Amino acid sequence: MKFFPLLWSSLWRKKIRTIFTLAAVFIAFVLFGLLMTIRTAFSFGVEIAGLDRLVIIHKVSLIMPLPIAYQERLRATEGVEIVSHQSWFGGVYQDPANFFAQMVVEPEPFMKIYPEFKISPEHVKAWMDDRQGAIVGVSTMERFGWKVGDRIPIVGTIWQPKQGQVWDFNIVGTYDGEDGVDKTNFFFRYDYLNENRAQGDGLVGWYVVKIRDAAQAQQMAAKFDGMFANSSAETKTTTEKGFVEGFAKQMGDIGSIMIAILVAVLFTMLLVAANTMAQSVRERTSEVGVLKTLGFSNISILTMVLGESLLIAVLGGALGLAVAWAIVQNGDPTNGMLPIFMLPTRDIWAGAGLVIALGIIAGLWPALNAMNLKITDALRRG
Amino acid sequence: MNFLKQTFAVTMVNLRTIPQRLGSSGVAIVGIAGVVIVLVSVLSIAQGFAAAMEASGSPVRALVMRSGADSEMTSGLGGAEVDIIKQAPGLRREGQTPLASAELYVIIDIPKISTNTAANVPMRGIEPPGTGLREEFSIAEGRMFQFGTNEVIVGRGATVNFKGLRVGDTIVSGQNKWPVVGMFETDGSVAETEIWCDARVLQGVYRRGNSYQSMLARLDSSDSFNAFRDWLTANPQVNVQVRREADYYAQQSRALTSLIRTVGFGIAALMGIGAVFGAILTMYTAVSTRSREIATLRALGFNTTSVVVSVLAESLALAAIGGLIGGVLAYLAFNGYQTSTMNFSTFSQVAFAFQVTPQLLGMGLFYALAMGLVGGLFPALRAARLPIPSALREL
């Protein structure tokens with residue numbers, strides 16, 4: 001550590017070069033942070049999907065509804081803890097560009113099965129009391145400037161009310177959640193939909209079932225599908241995690257595209273940084289010779305050159321990650337297309353690891369060269 | 001004249017000595033090539049997707065859906081409405097038969113080959129005029145399905161991307177079996193991701209009674225659209241909206257295309273800044289290792305401007321090489337790459353191929369040159385400002 005001032009001053013020997021190298025590393029890690037965020041957004045929250053929750057959809061396709069009568073049969077099954085159902089409403093608020101998901105649920109089982117949606121007790125009570133009530137995620141509330149108590153008209157695209165085309169909702173509360181929870185949803189009550197829709201009485205989109213023992217998921221899934229085999233609405237059961245993963249995979253392989261881009265970016269930056277390090281050590285050949293003459297050991301020369309490269313990587317990389325994190329805090333720039341927009345802590349650690357790796361790899365070759373330099377050669381060349 | 005000769009001479013010296021500085025020049029070239037690869041390949045995704053969607057719409061066809069529906073998926077038309085729409089003016093008729101097809105558009109779960117997980121493949125039930133009114137339709141393999149049976153034909157894109165959709169296979173979905181008897185093409189449009197069958201058979205299987213979802217109509221001419229639309233929207237017996245097919249698909253592709261383009265340009269811009277730093281470093285190195293040469297040239301009376309131009313020319317040459325390498329690699333790796341993604345307005349799969357077009361390559365090269373210009377500018381100015389005496393003394 002006592003050599004730090006020496007390290008620091010050799011870093012600023014050529015100011016412009018150091019600044020540009022820092023900037024290149026900085027940009028690389030801003031990109032790293034943003035790409036990881038996009039990757040997380042396209043996995044649709046698979047990290048928080050429960051393993052003890054099973055999703056039951058119609059075997060032919062997700063768009064085929066299931067009868068409400070399945071609810072009782074599922075509830076009566078051994079090993080089942082909570083049964084809830086959901087439907088996709090797909091309505092339009094003012095303009096199709098104002099997209100956000102509206103889900104039709106039954107409040108009680110819904111809140112029990114999804115503890116990650118945090119709703120205050122007053123809002124829960126208000127929702128129970130108001131058939132037209134809706135609970136809205138804080139992101140969507142903020143996006144449209146809604147307040148609790150607002151009355152929101154939504155045009156149904158799939159479900160038509162018995163009269164007209166518009167469904168009216170009262171916002172009775174909001175929900176929040178930890179990072180990674182989708183805070184854009186609009187939840188409203190199944191009884192309101194079912195009593196007022198022109199057709200489709202007694203149909204729900206899919207079931208979400210919480211089972212007592214997550215280890216039994218496979219057997220339970222097979223049991224459910226067996227219960228409804230050969231009926232008019234056969235089912236396909238998967239874990240919620242599998243369901244979300246499958247959905248994300250339908251987007252095409254975003255993950256591997258992102259990783260390919262990142263490899264290109266980091267490789268380029270590695271080259272830039274390594275080249276600068278090599279250049280700056282080459283220029284200082286005679287200085288290294290002098291240091292060695294003064295009695296600096298080979299190891300301390302190696303550490304000093306490596307330290308310099310690490311210092312550049314850490315300064316640029318940490319700043320880059322911090323800026324990426326700050327950008328992500330501003331939220332989703334695409335108007336609701338990417339509801340889960342966050343930089344996961346895990347990826348920040350991965351970024352920190354990459355910073356260190358970059359510093360070591362870029363500095364290793366010049367450091368070894370400097371270490372193996374013979375004093376006589378070094379002094380002569382200078 | 002003298003100035004041009006000087007500039008040319010100095011530039012040639014610079015370019016000829018690039019091989020001596022292979023290491024640092026290589027860094028600049030690789031950096032710029034990397035940016036061009038990323039830019040061109042990401043934009044080729046958007047290009048391919050938009051091309052598939054645009055190929056799908058014809059200005060002489062109109063799509064009729066229930067008013068308020070935002071896609072065929074959420075639309076619904078009753079049997080009685082369908083009969084009325086077929087009487088609308090402006091519709092082309094062959095003898096007594098109107099060239100219009102009432103259709104159902106549903107999703108069927110079929111595993112995707114690349115991921116081996118279930119994907120939402122669109123299935124379309126058509127009426128007999130449905131093939132004739134799409135002029136781009138042709139059977140590429142096998143034969144057309146027979147109306148009244150559960151036979152299906154499958155688009156080329158669907159056959160490539162999803163399992164078990166070859167001619168001779170049978171799709172098993174729930175309790176239904178659909179024998180595949182043919183494969184069709186529609187000039188690469190989204191219809192090639194679909195499975196087609198008889199609308200009436202599909203009504204039964206998906207429990208739709210006598211209802212349909214949309215109606216595709218061949219207009220007499222592109223100009224008869226207004227007459228057709230106005231007659232239908234004014235008619236109190238039907239509750240529909242009418243759109244040109246081309247507009248409908250253009251609107252569906254907008255969200256995803258603009259998302260991909262934003263991401264592509266954003267990444268390329270950030271990477272570009274990084275690569276410019278790389279280029280600047282390279283050129284500074286080039287200038288500083290030759291500062292004695294440059295000072296000598298200037299002491300001999302070479303013009304400052306010709307020194308500036310020569311440094312810029314070197315930087316541009318490196319950028320052009322990088323841009324070309326990047327463009328060629330992106331073309332070789334991605335042009336025609338088959339994939340499929342989800343169209344969010346219908347939650348169904350769209351198969352398409354990445355398209356690396358000449359415009360994209362041109363843009364990549366232009367971007368590379370811009371990076372080269374910016375990267376060379378500051379070092380060039382520095383070379384020009386170098387004080388001659390101290391530079392000559394310097395080693």
# chains A, B, ... in the order shown; residues from 1 in each chain; ligands from 1

$ residues_around --residues "region 154-157 of chain B" --least-positions-apart "3" --cutoff "8 Å" --atoms "only C-alpha atoms" --output "ChimeraX atom specification"
/B:160-161,165-166,180,182-186,188,191-196,351-352

$ residues_around --residues "Glu283 (chain A)" --least-positions-apart "2" --cutoff "12 Å" --atoms "only C-alpha atoms" --output "ChimeraX atom specification"
/A:10,13-14,276-281,285-289,366,370,378,381-382 /B:285,288-289,395

$ select_by_dssp --residues "region 57-254 of chain A" --states "strand (DSSP E or B)" --output "PyMOL selection string"
chain A and resi 57-58+66-67+80-88+92+102-105+118-119+133-137+151-155+161+166-176+186-189+197+203-204+206-211+235-239

$ select_by_dssp --residues "region 101-209 of chain B" --states "alpha helix (DSSP H)" --output "list of chain:residue names"
B:Pro129, B:Gly130, B:Thr131, B:Gly132, B:Arg156, B:Gly157, B:Ala158, B:Thr159, B:Val160, B:Asn161, B:Ala199, B:Arg200, B:Val201, B:Leu202, B:Gln203, B:Gly204, B:Val205

$ write_last_selection --atoms "C-alpha atoms" --output "compact mmCIF listing (two decimals), in the first residue's frame"
# COMPACT_ATOMS: atom_id res chain seq x y z
CA PRO B 129 -62.35 -18.17 -51.17
CA GLY B 130 -59.63 -17.67 -48.54
CA THR B 131 -56.84 -19.04 -50.73
CA GLY B 132 -57.93 -17.39 -53.98
CA ARG B 156 -43.22 -22.80 -44.54
CA GLY B 157 -42.09 -20.77 -41.52
CA ALA B 158 -44.13 -22.92 -39.15
CA THR B 159 -42.69 -26.14 -40.60
CA VAL B 160 -39.15 -24.87 -40.03
CA ASN B 161 -39.65 -23.55 -36.50
CA ALA B 199 -63.21 -22.58 -40.56
CA ARG B 200 -66.31 -24.68 -39.99
CA VAL B 201 -64.30 -27.58 -38.61
CA LEU B 202 -62.39 -25.23 -36.33
CA GLN B 203 -65.66 -23.70 -35.08
CA GLY B 204 -66.66 -27.09 -33.79
CA VAL B 205 -63.34 -27.91 -32.18

$ residues_around --residues "region 59-67 of chain B" --least-positions-apart "3" --cutoff "8 Å" --atoms "only C-alpha atoms" --output "list in words"
Ser71, Glu72, Ser75, Gly76, Leu77, Gln213, Ser214, Met215, Leu216, Ala217, Arg218, Leu219, Asp220, Ser221, Ser222, Phe225, Asn239, Val240, Gln241, Val242, Arg243, Arg244, Glu245, Ala246 and Tyr248 of chain B

$ write_last_selection --atoms "N, CA and C atoms" --output "compact mmCIF listing (two decimals), in the first residue's frame"
# COMPACT_ATOMS: atom_id res chain seq x y z
N SER B 71 -57.12 -6.79 -32.34
CA SER B 71 -56.46 -7.76 -33.22
C SER B 71 -57.49 -8.82 -33.59
N GLU B 72 -57.11 -9.66 -34.55
CA GLU B 72 -58.01 -10.75 -34.94
C GLU B 72 -58.29 -11.66 -33.76
N SER B 75 -61.15 -10.31 -31.72
CA SER B 75 -62.35 -9.93 -32.45
C SER B 75 -63.35 -11.08 -32.48
N GLY B 76 -64.58 -10.75 -32.81
CA GLY B 76 -65.60 -11.77 -32.96
C GLY B 76 -66.70 -11.28 -33.89
N LEU B 77 -67.14 -12.13 -34.82
CA LEU B 77 -68.22 -11.75 -35.72
C LEU B 77 -69.23 -12.88 -35.73
N GLN B 213 -64.15 -14.76 -36.38
CA GLN B 213 -63.45 -13.68 -35.71
C GLN B 213 -63.20 -12.48 -36.60
N SER B 214 -62.89 -12.76 -37.87
CA SER B 214 -62.60 -11.64 -38.76
C SER B 214 -63.00 -12.05 -40.16
N MET B 215 -63.01 -11.07 -41.04
CA MET B 215 -63.32 -11.38 -42.43
C MET B 215 -62.31 -10.66 -43.30
N LEU B 216 -61.68 -11.41 -44.19
CA LEU B 216 -60.73 -10.81 -45.13
C LEU B 216 -61.43 -10.71 -46.47
N ALA B 217 -61.45 -9.50 -47.06
CA ALA B 217 -62.21 -9.29 -48.29
C ALA B 217 -61.31 -8.72 -49.37
N ARG B 218 -61.46 -9.24 -50.59
CA ARG B 218 -60.74 -8.68 -51.73
C ARG B 218 -61.60 -7.56 -52.29
N LEU B 219 -61.01 -6.36 -52.36
CA LEU B 219 -61.76 -5.22 -52.88
C LEU B 219 -61.71 -5.21 -54.39
N ASP B 220 -62.67 -4.52 -54.99
CA ASP B 220 -62.68 -4.38 -56.44
C ASP B 220 -61.39 -3.73 -56.91
N SER B 221 -61.04 -2.65 -56.21
CA SER B 221 -59.76 -1.99 -56.47
C SER B 221 -59.39 -1.29 -55.18
N SER B 222 -58.19 -0.76 -55.15
CA SER B 222 -57.74 -0.09 -53.94
C SER B 222 -58.66 1.08 -53.59
N PHE B 225 -62.09 0.96 -51.29
CA PHE B 225 -62.02 0.75 -49.84
C PHE B 225 -63.00 1.65 -49.09
N ASN B 239 -71.63 -4.32 -36.14
CA ASN B 239 -70.85 -3.47 -35.24
C ASN B 239 -69.38 -3.76 -35.53
N VAL B 240 -68.87 -3.16 -36.62
CA VAL B 240 -67.54 -3.56 -37.07
C VAL B 240 -66.65 -2.37 -37.36
N GLN B 241 -65.38 -2.67 -37.45
CA GLN B 241 -64.40 -1.70 -37.95
C GLN B 241 -63.74 -2.32 -39.19
N VAL B 242 -63.36 -1.46 -40.13
CA VAL B 242 -62.77 -1.95 -41.36
C VAL B 242 -61.41 -1.30 -41.53
N ARG B 243 -60.39 -2.13 -41.80
CA ARG B 243 -59.05 -1.57 -42.00
C ARG B 243 -58.44 -2.20 -43.24
N ARG B 244 -57.58 -1.42 -43.90
CA ARG B 244 -56.80 -2.05 -44.96
C ARG B 244 -55.89 -3.06 -44.32
N GLU B 245 -55.71 -4.20 -44.96
CA GLU B 245 -54.88 -5.25 -44.38
C GLU B 245 -53.45 -4.74 -44.12
N ALA B 246 -52.95 -3.93 -45.07
CA ALA B 246 -51.58 -3.40 -44.93
C ALA B 246 -51.45 -2.56 -43.66
N TYR B 248 -53.26 -2.77 -40.94
CA TYR B 248 -53.40 -3.64 -39.77
C TYR B 248 -52.06 -4.26 -39.40

$ closest_residue --among "A:Ala24, A:Ala198, A:Leu373, A:Ile56" --to "chain B" --atoms "only C-alpha atoms"
A:Ala24

$ interface_residues --of "chain A" --to "chain B" --cutoff "8 Å" --atoms "only C-alpha atoms" --output "ChimeraX atom specification"
/A:17,20-21,23-25,27-28,31,59-64,96,155-158,165,230,234,246-247,249-252,261,264-265,268-269,271-272,275-276,334

$ write_last_selection --atoms "N, CA and C atoms" --output "short mmCIF file (atom, residue, chain, number, x, y, z; two decimals), in the first residue's frame"
data_model
loop_
_atom_site.label_atom_id
_atom_site.label_comp_id
_atom_site.auth_asym_id
_atom_site.auth_seq_id
_atom_site.Cartn_x
_atom_site.Cartn_y
_atom_site.Cartn_z
N ARG A 17 -4.38 9.66 -22.17
CA ARG A 17 -4.51 8.23 -22.41
C ARG A 17 -5.27 7.57 -21.27
N PHE A 20 -9.02 8.34 -21.45
CA PHE A 20 -9.76 7.60 -22.48
C PHE A 20 -9.89 6.13 -22.14
N THR A 21 -8.86 5.57 -21.54
CA THR A 21 -8.98 4.16 -21.15
C THR A 21 -10.06 4.00 -20.09
N ALA A 23 -12.57 5.89 -19.69
CA ALA A 23 -13.86 6.08 -20.34
C ALA A 23 -14.30 4.83 -21.08
N ALA A 24 -13.36 4.16 -21.75
CA ALA A 24 -13.73 2.95 -22.49
C ALA A 24 -14.24 1.87 -21.53
N VAL A 25 -13.52 1.71 -20.40
CA VAL A 25 -13.95 0.71 -19.41
C VAL A 25 -15.31 1.10 -18.83
N ILE A 27 -17.75 2.88 -20.20
CA ILE A 27 -18.81 2.60 -21.17
C ILE A 27 -19.13 1.11 -21.21
N ALA A 28 -18.08 0.29 -21.19
CA ALA A 28 -18.31 -1.15 -21.26
C ALA A 28 -19.20 -1.61 -20.12
N LEU A 31 -22.85 -0.48 -20.36
CA LEU A 31 -23.54 -1.41 -21.26
C LEU A 31 -23.84 -2.73 -20.59
N LYS A 59 -55.43 -27.64 -22.41
CA LYS A 59 -54.39 -28.40 -23.09
C LYS A 59 -54.14 -27.91 -24.51
N VAL A 60 -55.19 -27.44 -25.17
CA VAL A 60 -55.03 -27.02 -26.57
C VAL A 60 -54.25 -25.72 -26.64
N SER A 61 -54.60 -24.78 -25.78
CA SER A 61 -53.89 -23.50 -25.80
C SER A 61 -54.31 -22.65 -24.63
N LEU A 62 -53.43 -21.71 -24.29
CA LEU A 62 -53.70 -20.79 -23.19
C LEU A 62 -54.95 -19.95 -23.43
N ILE A 63 -55.29 -19.70 -24.70
CA ILE A 63 -56.43 -18.83 -24.97
C ILE A 63 -57.77 -19.53 -24.77
N MET A 64 -57.76 -20.85 -24.64
CA MET A 64 -59.02 -21.57 -24.43
C MET A 64 -59.39 -21.48 -22.96
N PRO A 96 -54.67 2.23 -27.46
CA PRO A 96 -53.97 0.94 -27.37
C PRO A 96 -52.51 1.08 -26.95
N VAL A 155 -62.15 -0.06 -22.22
CA VAL A 155 -62.89 -0.70 -23.31
C VAL A 155 -62.46 -2.15 -23.39
N GLY A 156 -63.43 -3.06 -23.36
CA GLY A 156 -63.11 -4.48 -23.44
C GLY A 156 -62.83 -4.88 -24.88
N THR A 157 -61.74 -5.62 -25.09
CA THR A 157 -61.50 -6.12 -26.45
C THR A 157 -61.99 -7.56 -26.58
N ILE A 158 -61.89 -8.32 -25.50
CA ILE A 158 -62.34 -9.72 -25.55
C ILE A 158 -63.74 -9.82 -24.98
N GLN A 165 -69.68 -0.79 -24.60
CA GLN A 165 -68.38 -1.45 -24.74
C GLN A 165 -67.47 -1.14 -23.58
N ASN A 230 -59.98 -36.66 -20.96
CA ASN A 230 -61.18 -37.10 -21.67
C ASN A 230 -62.41 -36.24 -21.40
N GLU A 234 -59.61 -30.53 -21.55
CA GLU A 234 -58.45 -31.18 -20.94
C GLU A 234 -57.42 -30.12 -20.54
N GLY A 246 -41.38 -20.86 -20.09
CA GLY A 246 -41.89 -21.21 -21.42
C GLY A 246 -42.38 -19.97 -22.15
N PHE A 247 -43.06 -19.11 -21.40
CA PHE A 247 -43.58 -17.88 -22.00
C PHE A 247 -42.42 -17.01 -22.48
N LYS A 249 -39.47 -17.95 -23.28
CA LYS A 249 -38.76 -18.55 -24.41
C LYS A 249 -39.48 -18.29 -25.72
N GLN A 250 -40.77 -18.00 -25.64
CA GLN A 250 -41.50 -17.73 -26.88
C GLN A 250 -41.01 -16.45 -27.55
N MET A 251 -40.37 -15.59 -26.76
CA MET A 251 -39.85 -14.35 -27.35
C MET A 251 -38.64 -14.62 -28.24
N GLY A 252 -38.17 -15.86 -28.25
CA GLY A 252 -36.92 -16.12 -28.95
C GLY A 252 -35.83 -16.03 -27.92
N ILE A 261 -23.73 -10.19 -27.51
CA ILE A 261 -23.37 -8.77 -27.62
C ILE A 261 -22.35 -8.41 -26.54
N ALA A 264 -18.90 -9.47 -27.26
CA ALA A 264 -18.29 -8.58 -28.24
C ALA A 264 -17.81 -7.30 -27.56
N VAL A 265 -18.68 -6.72 -26.72
CA VAL A 265 -18.33 -5.47 -26.05
C VAL A 265 -17.11 -5.65 -25.15
N THR A 268 -13.81 -6.25 -26.93
CA THR A 268 -13.29 -5.01 -27.51
C THR A 268 -12.62 -4.16 -26.44
N MET A 269 -13.30 -4.02 -25.29
CA MET A 269 -12.77 -3.17 -24.23
C MET A 269 -11.50 -3.75 -23.63
N LEU A 271 -9.31 -5.46 -25.24
CA LEU A 271 -8.24 -5.13 -26.18
C LEU A 271 -7.74 -3.71 -25.97
N VAL A 272 -8.70 -2.78 -25.86
CA VAL A 272 -8.33 -1.38 -25.68
C VAL A 272 -7.50 -1.21 -24.42
N ASN A 275 -4.06 -2.94 -24.58
CA ASN A 275 -3.16 -2.22 -25.46
C ASN A 275 -2.57 -1.00 -24.75
N THR A 276 -3.43 -0.28 -24.04
CA THR A 276 -2.93 0.90 -23.33
C THR A 276 -1.91 0.51 -22.29
N THR A 334 -40.05 2.06 -22.05
CA THR A 334 -40.82 1.65 -23.23
C THR A 334 -42.33 1.71 -23.02
#

$ residues_around --residues "region 204-221 of chain A" --least-positions-apart "6" --cutoff "8 Å" --atoms "only C-alpha atoms" --output "number ranges by chain"
A: 51-58, 62-68, 71, 79-88, 113, 236-239

$ residues_around --residues "Leu392 (chain B)" --least-positions-apart "2" --cutoff "7 Å" --atoms "only C-alpha atoms" --output "list in words"
Arg292, Ala295, Thr296, Ile388, Pro389, Ser390 and Glu394 of chain B

$ write_last_selection --atoms "N, CA and C atoms" --output "compact mmCIF listing (two decimals), in the first residue's frame"
# COMPACT_ATOMS: atom_id res chain seq x y z
N ARG B 292 8.62 12.69 -33.96
CA ARG B 292 9.85 13.21 -34.55
C ARG B 292 9.72 13.32 -36.07
N ALA B 295 7.50 16.24 -36.93
CA ALA B 295 8.20 17.50 -36.75
C ALA B 295 9.22 17.73 -37.86
N THR B 296 9.89 16.64 -38.26
CA THR B 296 10.85 16.76 -39.36
C THR B 296 10.15 17.25 -40.63
N ILE B 388 7.71 22.31 -32.97
CA ILE B 388 8.74 21.60 -33.74
C ILE B 388 10.04 21.35 -32.94
N PRO B 389 10.59 22.37 -32.27
CA PRO B 389 11.88 22.12 -31.60
C PRO B 389 11.80 21.02 -30.54
N SER B 390 10.79 21.10 -29.68
CA SER B 390 10.74 20.10 -28.61
C SER B 390 10.43 18.73 -29.17
N GLU B 394 12.58 15.39 -28.64
CA GLU B 394 11.94 14.28 -27.92
C GLU B 394 12.30 12.92 -28.53

$ closest_residue --among "B:Pro122, B:Phe147, B:Ile18, B:Asp223" --to "Pro89 (chain B)" --atoms "only C-alpha atoms"
B:Asp223

$ atom_distance --atom1 "CA of Phe334 (chain B)" --atom2 "CA of Leu360 (chain B)"
12.4 Å

$ residues_around --residues "Met363 (chain B)" --least-positions-apart "4" --cutoff "12 Å" --atoms "only C-alpha atoms" --output "PyMOL selection string"
chain B and resi 35-37+39-41+43-44+265+268+323-324+326-327+356-359+367-370

$ decode --residues "region 179-200 of chain A" --atoms "N, CA and C atoms" --output "PDB file, in the first residue's frame"
ATOM      1  N   ASP A 179     -38.307  -5.518  -5.349  1.00  0.00           N
ATOM      2  CA  ASP A 179     -37.719  -5.487  -6.689  1.00  0.00           C
ATOM      3  C   ASP A 179     -37.990  -6.814  -7.386  1.00  0.00           C
ATOM      4  N   GLY A 180     -38.301  -6.754  -8.666  1.00  0.00           N
ATOM      5  CA  GLY A 180     -38.516  -7.992  -9.408  1.00  0.00           C
ATOM      6  C   GLY A 180     -39.982  -8.375  -9.468  1.00  0.00           C
ATOM      7  N   VAL A 181     -40.830  -7.724  -8.651  1.00  0.00           N
ATOM      8  CA  VAL A 181     -42.269  -7.973  -8.729  1.00  0.00           C
ATOM      9  C   VAL A 181     -42.856  -7.007  -9.755  1.00  0.00           C
ATOM     10  N   ASP A 182     -43.683  -7.528 -10.630  1.00  0.00           N
ATOM     11  CA  ASP A 182     -44.319  -6.706 -11.647  1.00  0.00           C
ATOM     12  C   ASP A 182     -45.328  -5.762 -10.984  1.00  0.00           C
ATOM     13  N   LYS A 183     -45.053  -4.451 -11.032  1.00  0.00           N
ATOM     14  CA  LYS A 183     -45.929  -3.497 -10.351  1.00  0.00           C
ATOM     15  C   LYS A 183     -46.791  -2.716 -11.335  1.00  0.00           C
ATOM     16  N   THR A 184     -47.119  -3.350 -12.478  1.00  0.00           N
ATOM     17  CA  THR A 184     -47.917  -2.647 -13.477  1.00  0.00           C
ATOM     18  C   THR A 184     -49.321  -3.222 -13.616  1.00  0.00           C
ATOM     19  N   ASN A 185     -49.617  -4.318 -12.901  1.00  0.00           N
ATOM     20  CA  ASN A 185     -50.898  -4.997 -13.118  1.00  0.00           C
ATOM     21  C   ASN A 185     -52.103  -4.226 -12.593  1.00  0.00           C
ATOM     22  N   PHE A 186     -53.240  -4.566 -13.136  1.00  0.00           N
ATOM     23  CA  PHE A 186     -54.521  -3.987 -12.756  1.00  0.00           C
ATOM     24  C   PHE A 186     -55.404  -5.189 -12.436  1.00  0.00           C
ATOM     25  N   PHE A 187     -55.682  -5.412 -11.147  1.00  0.00           N
ATOM     26  CA  PHE A 187     -56.470  -6.579 -10.750  1.00  0.00           C
ATOM     27  C   PHE A 187     -57.902  -6.162 -10.448  1.00  0.00           C
ATOM     28  N   PHE A 188     -58.881  -6.892 -11.022  1.00  0.00           N
ATOM     29  CA  PHE A 188     -60.254  -6.588 -10.615  1.00  0.00           C
ATOM     30  C   PHE A 188     -61.045  -7.875 -10.439  1.00  0.00           C
ATOM     31  N   ARG A 189     -62.301  -7.738  -9.958  1.00  0.00           N
ATOM     32  CA  ARG A 189     -63.013  -8.898  -9.442  1.00  0.00           C
ATOM     33  C   ARG A 189     -63.734  -9.703 -10.504  1.00  0.00           C
ATOM     34  N   TYR A 190     -63.649 -11.035 -10.334  1.00  0.00           N
ATOM     35  CA  TYR A 190     -64.285 -11.955 -11.264  1.00  0.00           C
ATOM     36  C   TYR A 190     -65.806 -11.821 -11.243  1.00  0.00           C
ATOM     37  N   ASP A 191     -66.404 -11.582 -10.062  1.00  0.00           N
ATOM     38  CA  ASP A 191     -67.873 -11.532 -10.017  1.00  0.00           C
ATOM     39  C   ASP A 191     -68.409 -10.345 -10.829  1.00  0.00           C
ATOM     40  N   TYR A 192     -67.655  -9.246 -10.838  1.00  0.00           N
ATOM     41  CA  TYR A 192     -68.064  -8.085 -11.645  1.00  0.00           C
ATOM     42  C   TYR A 192     -68.065  -8.451 -13.129  1.00  0.00           C
ATOM     43  N   LEU A 193     -66.992  -9.102 -13.571  1.00  0.00           N
ATOM     44  CA  LEU A 193     -66.917  -9.507 -14.983  1.00  0.00           C
ATOM     45  C   LEU A 193     -68.015 -10.499 -15.327  1.00  0.00           C
ATOM     46  N   ASN A 194     -68.121 -11.525 -14.488  1.00  0.00           N
ATOM     47  CA  ASN A 194     -69.003 -12.629 -14.860  1.00  0.00           C
ATOM     48  C   ASN A 194     -70.468 -12.221 -14.914  1.00  0.00           C
ATOM     49  N   GLU A 195     -70.873 -11.321 -14.010  1.00  0.00           N
ATOM     50  CA  GLU A 195     -72.281 -10.942 -13.999  1.00  0.00           C
ATOM     51  C   GLU A 195     -72.635  -9.979 -15.112  1.00  0.00           C
ATOM     52  N   ASN A 196     -71.626  -9.298 -15.645  1.00  0.00           N
ATOM     53  CA  ASN A 196     -71.941  -8.256 -16.617  1.00  0.00           C
ATOM     54  C   ASN A 196     -71.505  -8.551 -18.034  1.00  0.00           C
ATOM     55  N   ARG A 197     -70.843  -9.685 -18.256  1.00  0.00           N
ATOM     56  CA  ARG A 197     -70.376  -9.913 -19.629  1.00  0.00           C
ATOM     57  C   ARG A 197     -71.499 -10.509 -20.478  1.00  0.00           C
ATOM     58  N   ALA A 198     -71.437 -10.164 -21.785  1.00  0.00           N
ATOM     59  CA  ALA A 198     -72.502 -10.572 -22.695  1.00  0.00           C
ATOM     60  C   ALA A 198     -72.461 -12.067 -22.979  1.00  0.00           C
ATOM     61  N   GLN A 199     -71.256 -12.641 -23.015  1.00  0.00           N
ATOM     62  CA  GLN A 199     -71.176 -14.090 -23.237  1.00  0.00           C
ATOM     63  C   GLN A 199     -70.009 -14.643 -22.450  1.00  0.00           C
ATOM     64  N   GLY A 200     -69.932 -15.974 -22.348  1.00  0.00           N
ATOM     65  CA  GLY A 200     -68.787 -16.576 -21.670  1.00  0.00           C
ATOM     66  C   GLY A 200     -69.024 -16.801 -20.184  1.00  0.00           C
TER      67      GLY A 200
END
